[in-house]
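Here is the structure we will look at.
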Amino acid sequence: MDTAILLALQSIRFDGLTQLMALISALGNHAFIWLALGVVMLLFPEKRSTGMLVIAAVAVCYVASEIVLEPLVHRVRPCDAGIGVTAVMGVSHNGFSFPSGHSISSFASAMVIALMLGKRYGVPAFIGAFVIAFSRLFLGVHYPSDVVISAAMGVLIGLLVVVVYNNFFAYRSSDRARPSGRHSRR
């Protein structure tokens with residue numbers, strides 16, 4: 001199933017869309033877009049906690065994916081597996097296929113944003129996470145199962161980061177993510 005999906009996506013590639021997907025994927029390299037967003041949030045007092053948590057979530061994702069799971073699993077990328085899937089030239093695809101660093105960090109960041117700031121910011125964050133994850137499939141550098149499992153792991157990491165923050169670091173109730181998913185305005 002993984003291979004069939006990748007070959008179908010490969011069959012609909014055309015220059016404009018491929019270039020767009022390569023650009024979207026590049027925004028996710030080393031979680032750049034999420035770290036940049038986290039740093040920008042640090043500049044606004046009412047979003048400072050969220051910015052710190054996005055950066056923390058990306059750090060946890062890095063450890064989980066790059067240091068723990070990738071060396072353990074060693075899943076060869078589809079473009080290197082000899083199954084007929086080709087990667088788009090110039091697209092970053094170092095290391096192994098599982099987990100997808102782009103997917104795990106994107107979904108962890110989106111989850112933190114959704115829990116801390118509510119739907120207004122959470123929905124666009126999840127759309128961005130989905131598009132970044134999809135770009136990795138479109139470009140032929142991850143299997144669909146790698147992306148789906150990595151996205152689920154990212155959601156869990158984002159949730160864990162917010163729960164730890166709420167239980168151990170948010171000293172005032174105004175700093176906590178509310179159960180409704182909306183962070184209070186100070």
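Letters for chains follow the order of the structure tokens (A, B, ...), residue numbers begin at 1 for each chain, and ligand numbers begin at 1 in the order shown.
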Within 10 Å of Ile127 (chain A), counting only C-alpha atoms, which residues qualify if same-chain residues fewer than 4 places away don't, as a VMD selection string? chain A and resid 106 to 107 110 122 to 123 131 to 133
With C-alpha atoms kept, could you save the residues just selected as a CSV table (one decimal), in the first residue's frame?
```csv
chain,number,residue,atom,x,y,z
A,106,SER,CA,5.3,19.8,12.7
A,107,PHE,CA,2.5,17.9,14.4
A,110,ALA,CA,0.7,22.3,15.9
A,122,GLY,CA,-4.4,25.6,16.1
A,123,VAL,CA,-6.4,25.0,12.9
A,131,VAL,CA,1.0,20.2,4.1
A,132,ILE,CA,4.6,19.8,5.3
A,133,ALA,CA,4.0,16.1,6.0
```
Tell me which of A:Arg13, A:Val148, A:Gly128, A:Met116 sits closest to Met41 (chain A), counting only C-alpha atoms.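 Distance minimum relative to Met41 (chain A) lands on A:Met116.
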Identify which of the residues A:Phe130, A:Phe96, A:Phe44, A:Trp34 lies closest to Val76 (chain A), counting only C-alpha atoms when measuring atom-to-atom distances.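 Residue with the minimum atom-to-atom distance to Val76 (chain A): A:Phe96.
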Would you kindly return, as number ranges by chain, each protein, DNA or RNA residue with an atom no farther than 7 Å from any atom of region 56-68 of chain A, considering only C-alpha atoms and excluding same-chain residues fewer than 6 positions away? A: 99, 101, 104-105, 108-109, 157-158, 161
For the residues in that selection, give me N, CA, C and O atoms as a PDB file, in the first residue's frame.
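Written out: again_20.pdb:
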```pdb
ATOM      1  N   PRO A  99      11.676   7.732  11.909  1.00  0.00           N
ATOM      2  CA  PRO A  99      10.468   8.523  11.700  1.00  0.00           C
ATOM      3  C   PRO A  99      10.738   9.725  10.801  1.00  0.00           C
ATOM      4  O   PRO A  99      11.882  10.061  10.541  1.00  0.00           O
ATOM      5  N   GLY A 101      11.151  13.330  10.511  1.00  0.00           N
ATOM      6  CA  GLY A 101      11.425  14.489  11.366  1.00  0.00           C
ATOM      7  C   GLY A 101      10.522  15.669  11.046  1.00  0.00           C
ATOM      8  O   GLY A 101      10.093  16.402  11.932  1.00  0.00           O
ATOM      9  N   ILE A 104       6.941  14.666  12.586  1.00  0.00           N
ATOM     10  CA  ILE A 104       6.866  14.615  14.046  1.00  0.00           C
ATOM     11  C   ILE A 104       6.971  16.022  14.641  1.00  0.00           C
ATOM     12  O   ILE A 104       6.187  16.391  15.515  1.00  0.00           O
ATOM     13  N   SER A 105       7.904  16.828  14.150  1.00  0.00           N
ATOM     14  CA  SER A 105       8.071  18.173  14.712  1.00  0.00           C
ATOM     15  C   SER A 105       6.909  19.089  14.315  1.00  0.00           C
ATOM     16  O   SER A 105       6.475  19.927  15.116  1.00  0.00           O
ATOM     17  N   ALA A 108       3.820  17.996  16.460  1.00  0.00           N
ATOM     18  CA  ALA A 108       4.032  18.355  17.873  1.00  0.00           C
ATOM     19  C   ALA A 108       3.832  19.854  18.065  1.00  0.00           C
ATOM     20  O   ALA A 108       3.155  20.293  19.004  1.00  0.00           O
ATOM     21  N   SER A 109       4.397  20.642  17.173  1.00  0.00           N
ATOM     22  CA  SER A 109       4.255  22.095  17.254  1.00  0.00           C
ATOM     23  C   SER A 109       2.803  22.520  17.086  1.00  0.00           C
ATOM     24  O   SER A 109       2.304  23.371  17.834  1.00  0.00           O
ATOM     25  N   ILE A 157       3.623  13.912  21.601  1.00  0.00           N
ATOM     26  CA  ILE A 157       4.709  14.709  22.191  1.00  0.00           C
ATOM     27  C   ILE A 157       4.216  16.114  22.515  1.00  0.00           C
ATOM     28  O   ILE A 157       4.494  16.648  23.592  1.00  0.00           O
ATOM     29  N   GLY A 158       3.476  16.727  21.598  1.00  0.00           N
ATOM     30  CA  GLY A 158       2.918  18.058  21.861  1.00  0.00           C
ATOM     31  C   GLY A 158       2.024  18.055  23.090  1.00  0.00           C
ATOM     32  O   GLY A 158       2.104  18.939  23.951  1.00  0.00           O
ATOM     33  N   VAL A 161       4.200  17.652  26.260  1.00  0.00           N
ATOM     34  CA  VAL A 161       4.901  18.896  26.599  1.00  0.00           C
ATOM     35  C   VAL A 161       3.956  19.860  27.318  1.00  0.00           C
ATOM     36  O   VAL A 161       4.323  20.465  28.333  1.00  0.00           O
TER      37      VAL A 161
END
```
Tell me, as a list in words, which residues lie within 12 Å of Leu20 (chain A), counting only C-alpha atoms; anything in the same chain fewer than 2 positions away does not count.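 Once the nearby chain positions are removed, what remains is Arg13, Phe14, Asp15, Gly16, Leu17, Thr18, Ala22, Leu23, Ile24, Ser25, Ala26, Leu27, Val88, Val91, Val131, Ile132, Phe134, Ser135, Arg136, Phe138 and Leu139 of chain A.
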From the list A:Leu69, A:Leu156, A:Ala129, A:Leu7, which residue is nearest Ile33 (chain A) when using only C-alpha atoms?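 Going through A:Leu69, A:Leu156, A:Ala129, A:Leu7 one by one, the smallest distance to Ile33 (chain A) is for A:Ala129.
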Taking into account only C-alpha atoms, which residue in the set A:Met111, A:Val85, A:Glu70, A:Lys47 is nearest to Ala152 (chain A)?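 Closest candidate: A:Met111.
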Under the rule that only C-alpha atoms are counted, which of A:Val141, A:Val147, A:Ala81, A:Leu53 is the nearest residue to Val164 (chain A)? A:Leu53
Please, which residues of region 29-157 of chain A, numbered as in this document, come out helix (DSSP H, G or I) from DSSP, as a ChimeraX atom specification? /A:29-42,45-73,78-80,101-117,119-138,144-157
Between A:Val54, A:Leu159, A:Met1, A:Gly28, smallest distance to Leu115 (chain A) by only C-alpha atoms belongs to A:Leu159
Record the distance separating CA of Ser97 (chain A) and CA of Val73 (chain A), expressed in Å with one decimal. 9.0 Å
